[in-house]
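Engineer: To be precise about what I am sending: the file is called query.pdb and holds PDB, C-alpha atoms.
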```pdb
ATOM      1  CA  MET A 197       0.000   0.000   0.000
ATOM      2  CA  LYS A 198       1.335   3.425  -0.980
ATOM      3  CA  LYS A 199       2.215   5.885   1.762
ATOM      4  CA  THR A 200       0.385   9.196   1.671
ATOM      5  CA  VAL A 201       2.177  12.460   0.947
ATOM      6  CA  LEU A 202       0.407  15.780   1.467
ATOM      7  CA  ALA A 203       1.638  18.337  -1.082
ATOM      8  CA  LEU A 204       1.241  21.963   0.016
ATOM      9  CA  GLY A 205       3.046  23.273  -3.052
ATOM     10  CA  THR A 206       4.144  22.046  -6.435
ATOM     11  CA  MET A 207       7.387  21.054  -8.089
ATOM     12  CA  LEU A 208       7.857  20.850 -11.863
ATOM     13  CA  PRO A 209       5.423  18.406 -13.541
ATOM     14  CA  PRO A 210       7.946  15.578 -14.171
ATOM     15  CA  GLU A 211       8.950  15.483 -10.491
ATOM     16  CA  MET A 212       5.331  15.665  -9.338
ATOM     17  CA  ASP A 213       4.497  12.762 -11.648
ATOM     18  CA  ASP A 214       7.474  10.814 -10.311
ATOM     19  CA  LEU A 215       6.372  11.402  -6.719
ATOM     20  CA  GLU A 216       2.804  10.403  -7.534
ATOM     21  CA  SER A 217       3.955   7.177  -9.168
ATOM     22  CA  ARG A 218       5.288   5.930  -5.829
ATOM     23  CA  TYR A 219       3.095   7.640  -3.242
ATOM     24  CA  ASN A 220      -0.533   8.480  -2.713
ATOM     25  CA  LEU A 221      -0.255  12.184  -3.430
ATOM     26  CA  ILE A 222      -2.764  14.745  -2.164
ATOM     27  CA  ARG A 223      -2.411  18.087  -3.912
ATOM     28  CA  LEU A 224      -4.106  20.126  -1.217
ATOM     29  CA  TRP A 225      -4.185  23.434  -3.085
ATOM     30  CA  LYS A 226      -6.248  21.782  -5.832
ATOM     31  CA  GLU A 227      -8.915  20.475  -3.501
ATOM     32  CA  VAL A 228     -12.310  22.191  -3.551
ATOM     33  CA  ASP A 229     -12.504  21.943   0.241
ATOM     34  CA  PRO A 230      -8.923  21.696   1.571
ATOM     35  CA  GLU A 231     -10.019  21.595   5.208
ATOM     36  CA  ALA A 232     -12.387  18.661   4.611
ATOM     37  CA  THR A 233      -9.703  16.825   2.630
ATOM     38  CA  LEU A 234      -7.210  17.357   5.424
ATOM     39  CA  GLN A 235      -9.615  16.014   8.027
ATOM     40  CA  LYS A 236     -10.465  12.994   5.892
ATOM     41  CA  SER A 237      -6.831  12.026   5.280
ATOM     42  CA  ARG A 238      -5.230  13.232   8.533
ATOM     43  CA  LEU A 239      -4.496   9.710   9.826
ATOM     44  CA  ASP A 240      -2.977   8.602   6.514
ATOM     45  CA  VAL A 241      -0.538  11.447   5.905
ATOM     46  CA  VAL A 242       3.019  10.500   6.830
ATOM     47  CA  ALA A 243       4.901  13.093   4.783
ATOM     48  CA  ILE A 244       4.480  16.681   3.660
ATOM     49  CA  LEU A 245       5.927  18.090   0.463
ATOM     50  CA  SER A 246       6.335  21.783   1.134
ATOM     51  CA  ALA A 247       7.363  24.543  -1.251
ATOM     52  CA  PHE A 248       8.997  27.858  -0.387
ATOM     53  CA  ASN A 249       6.223  29.691  -2.278
ATOM     54  CA  GLY A 250       3.367  27.368  -1.362
ATOM     55  CA  MET A 251       1.031  26.999   1.609
ATOM     56  CA  PRO A 252       2.825  27.474   4.955
ATOM     57  CA  VAL A 253       3.434  24.441   7.153
ATOM     58  CA  THR A 254       1.927  25.823  10.319
ATOM     59  CA  ARG A 255       1.854  24.388  13.808
ATOM     60  CA  LYS A 256      -1.866  23.804  13.284
ATOM     61  CA  ILE A 257      -1.247  21.607  10.238
ATOM     62  CA  ILE A 258       1.576  19.711  11.946
ATOM     63  CA  GLU A 259      -0.498  19.054  15.049
ATOM     64  CA  SER A 260      -3.457  17.909  12.937
ATOM     65  CA  LEU A 261      -1.416  15.061  11.415
ATOM     66  CA  PRO A 262      -0.662  12.535  14.183
ATOM     67  CA  ASN A 263       1.306  10.160  11.935
ATOM     68  CA  LEU A 264       3.429  12.767  10.179
ATOM     69  CA  GLU A 265       7.100  11.706   9.993
ATOM     70  CA  ILE A 266       8.829  14.047   7.548
ATOM     71  CA  ILE A 267       8.473  17.486   5.955
ATOM     72  CA  ALA A 268      10.438  17.727   2.712
ATOM     73  CA  GLN A 269      10.966  21.291   1.550
ATOM     74  CA  TYR A 270      11.196  22.083  -2.156
ATOM     75  CA  GLY A 271      13.457  25.074  -1.612
ATOM     76  CA  ALA A 272      16.620  26.212   0.113
ATOM     77  CA  GLY A 273      15.045  28.090   3.012
ATOM     78  CA  VAL A 274      12.451  26.881   5.504
ATOM     79  CA  ASN A 275      10.879  30.204   6.512
ATOM     80  CA  ASN A 276       7.425  28.855   5.641
ATOM     81  CA  ILE A 277       7.761  25.869   8.015
ATOM     82  CA  ASP A 278       7.194  25.934  11.763
ATOM     83  CA  VAL A 279      10.427  24.069  12.422
ATOM     84  CA  GLU A 280      10.028  24.318  16.184
ATOM     85  CA  ALA A 281       6.651  22.553  16.061
ATOM     86  CA  ALA A 282       8.192  19.801  13.937
ATOM     87  CA  LYS A 283      11.136  19.458  16.288
ATOM     88  CA  GLU A 284       8.858  19.033  19.291
ATOM     89  CA  ARG A 285       7.489  15.892  17.679
ATOM     90  CA  THR A 286      10.828  14.735  16.232
ATOM     91  CA  ILE A 287       9.465  15.144  12.725
ATOM     92  CA  ALA A 288      12.300  15.237  10.202
ATOM     93  CA  VAL A 289      12.683  18.403   8.125
ATOM     94  CA  THR A 290      14.715  18.498   4.927
ATOM     95  CA  SER A 291      15.468  21.217   2.400
ATOM     96  CA  THR A 292      17.383  21.630  -0.858
ATOM     97  CA  PRO A 293      20.074  24.071   0.284
ATOM     98  CA  ASP A 294      22.772  23.862  -2.379
ATOM     99  CA  THR A 295      20.782  23.376  -5.560
ATOM    100  CA  PRO A 296      20.255  27.121  -6.321
ATOM    101  CA  MET A 297      23.847  28.030  -5.453
ATOM    102  CA  ASN A 298      25.279  28.713  -8.919
ATOM    103  CA  ASP A 299      22.150  30.246 -10.399
ATOM    104  CA  THR A 300      21.758  32.603  -7.423
ATOM    105  CA  ALA A 301      25.412  33.596  -7.683
ATOM    106  CA  ASP A 302      24.876  34.295 -11.383
ATOM    107  CA  ILE A 303      21.970  36.603 -10.546
ATOM    108  CA  ALA A 304      24.108  38.437  -7.975
ATOM    109  CA  LEU A 305      26.739  39.076 -10.621
ATOM    110  CA  ALA A 306      24.055  40.040 -13.146
ATOM    111  CA  LEU A 307      22.723  42.633 -10.689
ATOM    112  CA  ILE A 308      26.230  43.996 -10.144
ATOM    113  CA  LEU A 309      26.758  44.244 -13.896
ATOM    114  CA  ALA A 310      23.323  45.753 -14.512
ATOM    115  CA  SER A 311      23.755  48.317 -11.743
ATOM    116  CA  LEU A 312      27.288  49.466 -12.503
ATOM    117  CA  ARG A 313      27.064  49.291 -16.299
ATOM    118  CA  ARG A 314      23.488  50.671 -16.318
ATOM    119  CA  ILE A 315      22.280  47.807 -18.503
ATOM    120  CA  VAL A 316      18.540  48.355 -17.985
ATOM    121  CA  GLU A 317      18.829  52.080 -18.648
ATOM    122  CA  ALA A 318      20.951  51.459 -21.750
ATOM    123  CA  ASP A 319      18.415  48.989 -23.112
ATOM    124  CA  MET A 320      15.631  51.537 -22.683
ATOM    125  CA  PHE A 321      17.853  54.249 -24.191
ATOM    126  CA  VAL A 322      17.979  52.266 -27.436
ATOM    127  CA  ARG A 323      14.328  51.158 -27.386
ATOM    128  CA  ILE A 324      12.865  54.661 -27.066
ATOM    129  CA  GLY A 325      15.122  56.083 -29.782
ATOM    130  CA  LYS A 326      17.344  58.312 -27.661
ATOM    131  CA  TRP A 327      20.579  56.979 -29.189
ATOM    132  CA  SER A 328      20.050  59.145 -32.253
ATOM    133  CA  THR A 329      20.123  62.229 -30.038
ATOM    134  CA  GLY A 330      23.541  61.515 -28.516
ATOM    135  CA  ALA A 331      25.741  59.066 -26.648
ATOM    136  CA  PHE A 332      24.570  57.162 -23.566
ATOM    137  CA  PRO A 333      25.980  58.549 -20.272
ATOM    138  CA  LEU A 334      29.116  56.974 -18.866
ATOM    139  CA  ALA A 335      28.746  53.991 -16.547
ATOM    140  CA  THR A 336      31.115  52.418 -13.999
ATOM    141  CA  SER A 337      33.682  49.663 -14.534
ATOM    142  CA  LEU A 338      33.675  46.467 -12.458
ATOM    143  CA  THR A 339      37.426  45.955 -12.661
ATOM    144  CA  GLY A 340      39.152  46.828  -9.417
ATOM    145  CA  LYS A 341      35.956  47.499  -7.497
ATOM    146  CA  ARG A 342      35.713  46.318  -3.874
ATOM    147  CA  VAL A 343      32.928  43.858  -3.106
ATOM    148  CA  GLY A 344      31.763  43.102   0.433
ATOM    149  CA  ILE A 345      29.717  39.914   0.794
ATOM    150  CA  ILE A 346      27.390  39.432   3.764
ATOM    151  CA  GLY A 347      27.384  35.705   4.396
ATOM    152  CA  MET A 348      30.230  33.599   3.037
ATOM    153  CA  GLY A 349      28.413  30.272   2.781
ATOM    154  CA  ARG A 350      28.277  28.258  -0.418
ATOM    155  CA  ILE A 351      26.361  30.936  -2.316
ATOM    156  CA  GLY A 352      28.608  33.689  -0.958
ATOM    157  CA  GLN A 353      31.688  31.764  -2.058
ATOM    158  CA  ALA A 354      30.174  31.172  -5.503
ATOM    159  CA  ILE A 355      29.565  34.929  -5.789
ATOM    160  CA  ALA A 356      33.142  35.602  -4.670
ATOM    161  CA  ARG A 357      34.540  33.282  -7.368
ATOM    162  CA  ARG A 358      32.594  35.141 -10.039
ATOM    163  CA  CYS A 359      33.679  38.542  -8.740
ATOM    164  CA  HIS A 360      37.286  37.364  -8.639
ATOM    165  CA  ALA A 361      37.039  36.463 -12.329
ATOM    166  CA  PHE A 362      36.092  40.103 -12.968
ATOM    167  CA  GLU A 363      39.225  41.231 -11.089
ATOM    168  CA  MET A 364      37.306  42.632  -8.158
ATOM    169  CA  GLU A 365      38.616  42.838  -4.589
ATOM    170  CA  ILE A 366      36.616  40.680  -2.181
ATOM    171  CA  SER A 367      35.813  41.020   1.531
ATOM    172  CA  TYR A 368      33.190  39.311   3.644
ATOM    173  CA  PHE A 369      31.232  39.664   6.866
ATOM    174  CA  GLY A 370      29.839  36.795   8.907
ATOM    175  CA  PRO A 371      29.597  35.328  12.390
ATOM    176  CA  ARG A 372      33.089  33.863  12.152
ATOM    177  CA  LYS A 373      36.206  33.937  10.028
ATOM    178  CA  LYS A 374      36.689  31.031   7.634
ATOM    179  CA  GLU A 375      40.321  30.070   7.930
ATOM    180  CA  ASP A 376      40.382  28.328   4.546
ATOM    181  CA  LEU A 377      39.429  31.497   2.661
ATOM    182  CA  LYS A 378      41.940  34.105   1.520
ATOM    183  CA  TYR A 379      39.451  36.977   1.417
ATOM    184  CA  ARG A 380      39.558  39.788   3.964
ATOM    185  CA  TYR A 381      37.236  39.174   6.911
ATOM    186  CA  PHE A 382      35.250  41.781   8.863
ATOM    187  CA  ASP A 383      33.417  41.148  12.114
ATOM    188  CA  ASN A 384      31.733  44.558  11.894
ATOM    189  CA  LEU A 385      29.305  45.199   9.024
ATOM    190  CA  GLU A 386      29.442  48.989   9.142
ATOM    191  CA  LYS A 387      33.220  48.886   8.981
ATOM    192  CA  MET A 388      33.127  46.608   5.933
ATOM    193  CA  ALA A 389      30.531  48.831   4.262
ATOM    194  CA  ARG A 390      32.915  51.791   4.552
ATOM    195  CA  GLU A 391      35.644  49.775   2.844
ATOM    196  CA  VAL A 392      33.702  48.508  -0.193
ATOM    197  CA  ASP A 393      31.996  49.815  -3.323
ATOM    198  CA  ILE A 394      29.384  47.056  -3.599
ATOM    199  CA  LEU A 395      27.613  45.359  -0.707
ATOM    200  CA  VAL A 396      26.106  41.951  -1.566
ATOM    201  CA  CYS A 397      23.656  40.150   0.736
ATOM    202  CA  SER A 398      23.864  36.355   0.494
ATOM    203  CA  CYS A 399      23.200  35.385   4.109
ATOM    204  CA  VAL A 400      20.385  33.333   5.618
ATOM    205  CA  GLY A 401      17.144  34.932   6.732
ATOM    206  CA  GLY A 402      15.711  34.834  10.235
ATOM    207  CA  GLU A 403      15.945  36.837  13.437
ATOM    208  CA  GLU A 404      19.742  37.055  13.498
ATOM    209  CA  THR A 405      19.909  38.818  10.132
ATOM    210  CA  HIS A 406      16.604  40.717  10.273
ATOM    211  CA  HIS A 407      17.240  44.262   8.954
ATOM    212  CA  ILE A 408      20.995  43.742   9.327
ATOM    213  CA  VAL A 409      21.359  46.218   6.464
ATOM    214  CA  ASN A 410      20.022  49.399   8.013
ATOM    215  CA  LEU A 411      20.517  53.134   7.543
ATOM    216  CA  PRO A 412      23.906  53.333   9.339
ATOM    217  CA  VAL A 413      25.224  50.502   7.151
ATOM    218  CA  LEU A 414      23.908  52.134   3.983
ATOM    219  CA  LYS A 415      25.362  55.510   4.917
ATOM    220  CA  ALA A 416      28.671  53.779   5.575
ATOM    221  CA  LEU A 417      28.495  52.263   2.076
ATOM    222  CA  GLY A 418      28.529  55.786   0.746
ATOM    223  CA  ALA A 419      27.298  57.922  -2.135
ATOM    224  CA  ASN A 420      29.023  55.789  -4.785
ATOM    225  CA  GLY A 421      28.023  52.471  -3.243
ATOM    226  CA  ILE A 422      25.693  49.828  -4.659
ATOM    227  CA  LEU A 423      23.589  47.385  -2.615
ATOM    228  CA  VAL A 424      22.743  43.962  -4.066
ATOM    229  CA  ASN A 425      20.373  41.554  -2.316
ATOM    230  CA  VAL A 426      19.946  37.913  -3.397
ATOM    231  CA  ALA A 427      19.424  36.624   0.159
ATOM    232  CA  ARG A 428      16.068  37.293   1.835
ATOM    233  CA  GLY A 429      14.003  40.457   1.751
ATOM    234  CA  THR A 430      14.041  40.662   5.544
ATOM    235  CA  VAL A 431      17.804  41.198   5.537
ATOM    236  CA  VAL A 432      17.368  44.780   4.299
ATOM    237  CA  ASP A 433      15.347  47.421   6.131
ATOM    238  CA  ILE A 434      13.326  48.654   3.167
ATOM    239  CA  GLU A 435      12.473  51.992   4.768
ATOM    240  CA  SER A 436      16.158  52.678   5.358
ATOM    241  CA  LEU A 437      16.916  51.682   1.775
ATOM    242  CA  LEU A 438      14.294  54.060   0.409
ATOM    243  CA  ILE A 439      15.699  56.882   2.530
ATOM    244  CA  ALA A 440      19.261  56.133   1.454
ATOM    245  CA  LEU A 441      18.301  56.024  -2.229
ATOM    246  CA  SER A 442      16.173  59.168  -2.034
ATOM    247  CA  ASN A 443      18.871  61.117  -0.198
ATOM    248  CA  LYS A 444      21.587  59.707  -2.482
ATOM    249  CA  ASP A 445      23.368  58.215   0.523
ATOM    250  CA  ILE A 446      24.059  55.337  -1.908
ATOM    251  CA  ALA A 447      24.229  55.317  -5.707
ATOM    252  CA  GLY A 448      21.805  52.486  -6.389
ATOM    253  CA  ALA A 449      20.610  48.965  -5.689
ATOM    254  CA  GLY A 450      19.996  45.637  -7.399
ATOM    255  CA  LEU A 451      17.293  43.534  -5.756
ATOM    256  CA  ASP A 452      15.985  40.032  -6.381
ATOM    257  CA  VAL A 453      14.141  39.654  -3.058
ATOM    258  CA  TYR A 454      11.719  41.790  -1.044
ATOM    259  CA  GLU A 455      10.284  41.750   2.432
ATOM    260  CA  SER A 456       6.644  41.433   1.339
ATOM    261  CA  GLU A 457       6.906  39.508  -1.929
ATOM    262  CA  PRO A 458       5.419  39.789  -4.447
ATOM    263  CA  SER A 459       4.586  43.316  -3.298
ATOM    264  CA  VAL A 460       7.295  45.835  -4.210
ATOM    265  CA  PRO A 461       7.117  49.417  -2.865
ATOM    266  CA  GLU A 462       5.977  51.886  -5.518
ATOM    267  CA  ALA A 463       8.797  54.194  -4.447
ATOM    268  CA  LEU A 464      11.333  51.568  -5.542
ATOM    269  CA  ILE A 465       9.594  50.966  -8.860
ATOM    270  CA  SER A 466       9.729  54.677  -9.672
ATOM    271  CA  MET A 467      13.510  54.904  -9.181
ATOM    272  CA  ASP A 468      15.768  54.630 -12.236
ATOM    273  CA  ASN A 469      18.861  53.758 -10.185
ATOM    274  CA  VAL A 470      17.377  50.489  -8.958
ATOM    275  CA  VAL A 471      17.319  47.153 -10.816
ATOM    276  CA  LEU A 472      14.382  44.984  -9.766
ATOM    277  CA  LEU A 473      14.005  41.248 -10.402
ATOM    278  CA  PRO A 474      11.081  38.975  -9.391
ATOM    279  CA  HIS A 475      12.997  36.561  -7.103
ATOM    280  CA  ILE A 476      14.585  34.524  -9.889
ATOM    281  CA  GLY A 477      17.849  33.569  -8.171
ATOM    282  CA  GLY A 478      17.296  29.830  -8.577
ATOM    283  CA  HIS A 479      14.597  30.119 -11.219
ATOM    284  CA  THR A 480      15.988  27.873 -13.957
ATOM    285  CA  HIS A 481      14.862  24.544 -15.386
ATOM    286  CA  GLU A 482      18.066  22.928 -14.189
ATOM    287  CA  THR A 483      17.828  24.127 -10.599
ATOM    288  CA  LYS A 484      14.098  23.438 -10.218
ATOM    289  CA  THR A 485      14.591  19.914 -11.551
ATOM    290  CA  ALA A 486      17.490  19.261  -9.187
ATOM    291  CA  MET A 487      15.479  20.654  -6.257
ATOM    292  CA  GLY A 488      12.549  18.377  -7.030
ATOM    293  CA  LYS A 489      14.682  15.275  -7.375
ATOM    294  CA  LEU A 490      16.398  16.045  -4.072
ATOM    295  CA  ALA A 491      13.103  16.611  -2.232
ATOM    296  CA  ILE A 492      11.857  13.226  -3.477
ATOM    297  CA  ALA A 493      15.163  11.552  -2.629
ATOM    298  CA  ASN A 494      14.860  12.790   0.962
ATOM    299  CA  ILE A 495      11.347  11.330   1.270
ATOM    300  CA  ASP A 496      12.520   8.040  -0.231
ATOM    301  CA  ALA A 497      15.532   7.880   2.076
ATOM    302  CA  HIS A 498      13.368   8.405   5.145
ATOM    303  CA  PHE A 499      10.949   5.612   4.326
ATOM    304  CA  ASP A 500      13.746   3.310   3.173
ATOM    305  CA  GLY A 501      15.417   3.692   6.560
ATOM    306  CA  LEU A 502      18.438   5.470   5.085
ATOM    307  CA  PRO A 503      20.139   8.679   6.307
ATOM    308  CA  LEU A 504      18.498  11.848   5.068
ATOM    309  CA  ILE A 505      20.454  13.464   2.255
ATOM    310  CA  THR A 506      19.988  17.103   3.264
ATOM    311  CA  PRO A 507      18.421  17.318   6.725
ATOM    312  CA  TYR A 508      17.676  20.837   7.896
ATOM    313  CA  ALA A 509      19.777  21.767  10.923
ATOM    314  CA  ALA A 510      18.223  24.633  12.872
TER
END
```
Using structure tokens, write down the structure that the file contains.
Structural biologist:
Amino acid sequence: MKKTVLALGTMLPPEMDDLESRYNLIRLWKEVDPEATLQKSRLDVVAILSAFNGMPVTRKIIESLPNLEIIAQYGAGVNNIDVEAAKERTIAVTSTPDTPMNDTADIALALILASLRRIVEADMFVRIGKWSTGAFPLATSLTGKRVGIIGMGRIGQAIARRCHAFEMEISYFGPRKKEDLKYRYFDNLEKMAREVDILVCSCVGGEETHHIVNLPVLKALGANGILVNVARGTVVDIESLLIALSNKDIAGAGLDVYESEPSVPEALISMDNVVLLPHIGGHTHETKTAMGKLAIANIDAHFDGLPLITPYAA
């Protein structure tokens, strides 16, 4: 008899089909009456497939499923899961932490390029016919610029490798120095901001990093500085960012994430020195496929009595 998996979000169709071929899959968001479906199947559900942009895995849902054993996240972060509630019942939680690493690092570099070289503005300059009236204004070179990375995990290191290839000088800020890295380490974010031209956020979300980029940090970055965020929207205090941009405390920003996605402040949208992306850091066919396969592999490993491949460690 197939075990029952409750899906609160979706993966790509091939991975969903693969999961459904081996498990009794309940796609809760498709049910006419989700609450009734949940009550009817509550004793059968032994696993939850969660998605970073799907229905949240609340304490209420966890407590309503007495036989739940594992929550497999289709995504790198677990902000949508009540991890503490799962831990209280020793329910396993897994995620797909490394799969978006290279794609997210690519987006960070793309935002740096777009911001410094004014790519979006230049594209519009051609499209609206302004080229015939004169040359496009000068932009800024990447070569030799100083990049400060907040969070030197796998994504941060992937960003650093790309910046190094562009002959940029790299520093990083984090809770501790990584002895195996040659880059300059700062234990004070404001101090690092004063020493760099571009500040890149690639750290985890959560309470420890909530609004870690605030007005003092942005003012320290300076009038020629650029902020890039490919981490979590909560890392940057949006009100401080709007003030800094409006007052020209910094030169511009490149953002892929926002605090209240998909809502983006109108004030940001109206600014021509800001590049805005719709959270596409890991949004490629390759990454989404790898994420789905890993989420399924974690579920399989659990029920096969094997070690979890990527358990989430709080």
Engineer: Between atom CA of Ile408 of chain A and atom CA of Gly347 of chain A, measure the distance and give it in Å to one decimal.
Structural biologist: 11.4 Å
Engineer: Find the residues of segment 250-281 of chain A that sit at most 8 Å from segment 202-224 of chain A; for each, write down the nearest two atoms and how far apart they are in Å, to one decimal. Count all atoms listed in the file. Sort by chain, then by number going up, and give it as JSON lines.
Structural biologist:
```
{"residue": "A:Gly250", "atom": "CA", "partner": "A:Gly205", "partner_atom": "CA", "distance": 4.4}
{"residue": "A:Met251", "atom": "CA", "partner": "A:Leu204", "partner_atom": "CA", "distance": 5.3}
{"residue": "A:Pro252", "atom": "CA", "partner": "A:Leu204", "partner_atom": "CA", "distance": 7.6}
{"residue": "A:Val253", "atom": "CA", "partner": "A:Leu204", "partner_atom": "CA", "distance": 7.9}
{"residue": "A:Tyr270", "atom": "CA", "partner": "A:Met207", "partner_atom": "CA", "distance": 7.1}
```
Engineer: Could you tell me, as a PDB file with C-alpha atoms, in the coordinates of the input, which residues have any atom at most 9 Å from (16.5, 14.1, 6.5), counting only C-alpha atoms?
Structural biologist:
```
ATOM      1  CA  ILE A 266       8.829  14.047   7.548  1.00  0.00           C
ATOM      2  CA  ILE A 267       8.473  17.486   5.955  1.00  0.00           C
ATOM      3  CA  ALA A 268      10.438  17.727   2.712  1.00  0.00           C
ATOM      4  CA  ALA A 288      12.300  15.237  10.202  1.00  0.00           C
ATOM      5  CA  VAL A 289      12.683  18.403   8.125  1.00  0.00           C
ATOM      6  CA  THR A 290      14.715  18.498   4.927  1.00  0.00           C
ATOM      7  CA  SER A 291      15.468  21.217   2.400  1.00  0.00           C
ATOM      8  CA  ASN A 494      14.860  12.790   0.962  1.00  0.00           C
ATOM      9  CA  ILE A 495      11.347  11.330   1.270  1.00  0.00           C
ATOM     10  CA  ALA A 497      15.532   7.880   2.076  1.00  0.00           C
ATOM     11  CA  HIS A 498      13.368   8.405   5.145  1.00  0.00           C
ATOM     12  CA  LEU A 502      18.438   5.470   5.085  1.00  0.00           C
ATOM     13  CA  PRO A 503      20.139   8.679   6.307  1.00  0.00           C
ATOM     14  CA  LEU A 504      18.498  11.848   5.068  1.00  0.00           C
ATOM     15  CA  ILE A 505      20.454  13.464   2.255  1.00  0.00           C
ATOM     16  CA  THR A 506      19.988  17.103   3.264  1.00  0.00           C
ATOM     17  CA  PRO A 507      18.421  17.318   6.725  1.00  0.00           C
ATOM     18  CA  TYR A 508      17.676  20.837   7.896  1.00  0.00           C
TER      19      TYR A 508
END
```
Engineer: Each residue of segment 300-400 of chain A with at least one atom at most 10 Å from segment 464-481 of chain A should appear once, together with its nearest atom pair and the corresponding distance in Å (one decimal); atoms considered: only C-alpha atoms; ordering: chain, then increasing residue number; output as JSON lines.
Structural biologist:
```
{"residue": "A:Thr300", "atom": "CA", "partner": "A:Gly477", "partner_atom": "CA", "distance": 4.1}
{"residue": "A:Ala301", "atom": "CA", "partner": "A:Gly477", "partner_atom": "CA", "distance": 7.6}
{"residue": "A:Asp302", "atom": "CA", "partner": "A:Gly477", "partner_atom": "CA", "distance": 7.8}
{"residue": "A:Ile303", "atom": "CA", "partner": "A:Gly477", "partner_atom": "CA", "distance": 5.6}
{"residue": "A:Ala304", "atom": "CA", "partner": "A:Gly477", "partner_atom": "CA", "distance": 7.9}
{"residue": "A:Leu307", "atom": "CA", "partner": "A:Val471", "partner_atom": "CA", "distance": 7.0}
{"residue": "A:Ile308", "atom": "CA", "partner": "A:Val471", "partner_atom": "CA", "distance": 9.5}
{"residue": "A:Ala310", "atom": "CA", "partner": "A:Val471", "partner_atom": "CA", "distance": 7.2}
{"residue": "A:Ser311", "atom": "CA", "partner": "A:Val471", "partner_atom": "CA", "distance": 6.6}
{"residue": "A:Leu312", "atom": "CA", "partner": "A:Asn469", "partner_atom": "CA", "distance": 9.7}
{"residue": "A:Arg314", "atom": "CA", "partner": "A:Asn469", "partner_atom": "CA", "distance": 8.3}
{"residue": "A:Ile315", "atom": "CA", "partner": "A:Val471", "partner_atom": "CA", "distance": 9.2}
{"residue": "A:Val316", "atom": "CA", "partner": "A:Val471", "partner_atom": "CA", "distance": 7.4}
{"residue": "A:Glu317", "atom": "CA", "partner": "A:Asp468", "partner_atom": "CA", "distance": 7.5}
```
Engineer: Figure out the distance between atom CA of Ile277 of chain A and atom CA of Thr254 of chain A, please, to one decimal in Å.
Structural biologist: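 Separation between atom CA of Thr254 of chain A and atom CA of Ile277 of chain A: 6.3 Å.
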Engineer: Counting only C-alpha atoms, write as a PyMOL selection string all protein and nucleic acid residues lying at most 12 Å from (14.6, 57.2, 3.2) in the file's frame.
Structural biologist: chain A and resi 410-412+414-415+433-446+463-464
Engineer: Write out, as a tab-separated table (two decimals), in the coordinates of the input, the residues just selected, with C-alpha atoms.
Structural biologist:
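Below is the file that was written, again.tsv:
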```
chain	number	residue	atom	x	y	z
A	410	ASN	CA	20.02	49.40	8.01
A	411	LEU	CA	20.52	53.13	7.54
A	412	PRO	CA	23.91	53.33	9.34
A	414	LEU	CA	23.91	52.13	3.98
A	415	LYS	CA	25.36	55.51	4.92
A	433	ASP	CA	15.35	47.42	6.13
A	434	ILE	CA	13.33	48.65	3.17
A	435	GLU	CA	12.47	51.99	4.77
A	436	SER	CA	16.16	52.68	5.36
A	437	LEU	CA	16.92	51.68	1.78
A	438	LEU	CA	14.29	54.06	0.41
A	439	ILE	CA	15.70	56.88	2.53
A	440	ALA	CA	19.26	56.13	1.45
A	441	LEU	CA	18.30	56.02	-2.23
A	442	SER	CA	16.17	59.17	-2.03
A	443	ASN	CA	18.87	61.12	-0.20
A	444	LYS	CA	21.59	59.71	-2.48
A	445	ASP	CA	23.37	58.22	0.52
A	446	ILE	CA	24.06	55.34	-1.91
A	463	ALA	CA	8.80	54.19	-4.45
A	464	LEU	CA	11.33	51.57	-5.54
```
Engineer: Atom CA of Ile366 of chain A and atom CA of Thr483 of chain A are how many Å apart?
Structural biologist: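 Atom-to-atom, atom CA of Ile366 of chain A and atom CA of Thr483 of chain A are spaced 26.4 Å apart.
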Engineer: As a tab-separated table (two decimals) with C-alpha atoms, in the coordinates of the input, please: the residues near Glu365 of chain A (cut-off 7 Å, only C-alpha atoms, same-chain neighbours under 6 positions excluded).
Structural biologist:
```
chain	number	residue	atom	x	y	z
A	340	GLY	CA	39.15	46.83	-9.42
A	341	LYS	CA	35.96	47.50	-7.50
A	342	ARG	CA	35.71	46.32	-3.87
A	343	VAL	CA	32.93	43.86	-3.11
```
Engineer: Pick from A:Pro262, A:Gly402, A:Pro458, A:Gly488: nearest to Asn276 of chain A, with all atoms listed in the file counted?
Structural biologist: A:Gly402
Engineer: Check the smallest atom-to-atom distance from each of A:Gly370, A:Trp225, A:Leu264, A:Lys283 to Val241 of chain A using all atoms listed in the file, then report the winner.
Structural biologist: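 The answer is A:Leu264, which sits nearest to Val241 of chain A.
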Engineer: So which residues touch Ala331 of chain A within 10 Å, counting all atoms listed in the file, skipping near sequence neighbours fewer than 4 positions away, as number ranges by chain?
Structural biologist: A: 321, 326-327
Engineer: What does the file look like for those residues with C-alpha atoms, as a JSON list (two decimals), keeping the file's coordinate frame?
Structural biologist:
```json
[["chain", "number", "residue", "atom", "x", "y", "z"],
["A", 321, "PHE", "CA", 17.85, 54.25, -24.19],
["A", 326, "LYS", "CA", 17.34, 58.31, -27.66],
["A", 327, "TRP", "CA", 20.58, 56.98, -29.19]]
```
Engineer: I'd like the residues picked by the PyMOL selection byres ((chain A and resi 388) around 10) written out as number ranges by chain, using the chain letters and numbers from the file.
Structural biologist: A: 343-346, 367-369, 380-387, 389-393, 395, 413, 416-417
Engineer: What's around Gln269 of chain A at 8 Å? Count all atoms listed in the file, leave out sequence neighbours fewer than 5 positions away in its own chain, and write the answer as a CSV table (one decimal) with C-alpha atoms, keeping the file's coordinate frame.
Structural biologist:
```
chain,number,residue,atom,x,y,z
A,245,LEU,CA,5.9,18.1,0.5
A,246,SER,CA,6.3,21.8,1.1
A,247,ALA,CA,7.4,24.5,-1.3
A,248,PHE,CA,9.0,27.9,-0.4
A,274,VAL,CA,12.5,26.9,5.5
A,289,VAL,CA,12.7,18.4,8.1
A,290,THR,CA,14.7,18.5,4.9
A,291,SER,CA,15.5,21.2,2.4
A,292,THR,CA,17.4,21.6,-0.9
A,491,ALA,CA,13.1,16.6,-2.2
```
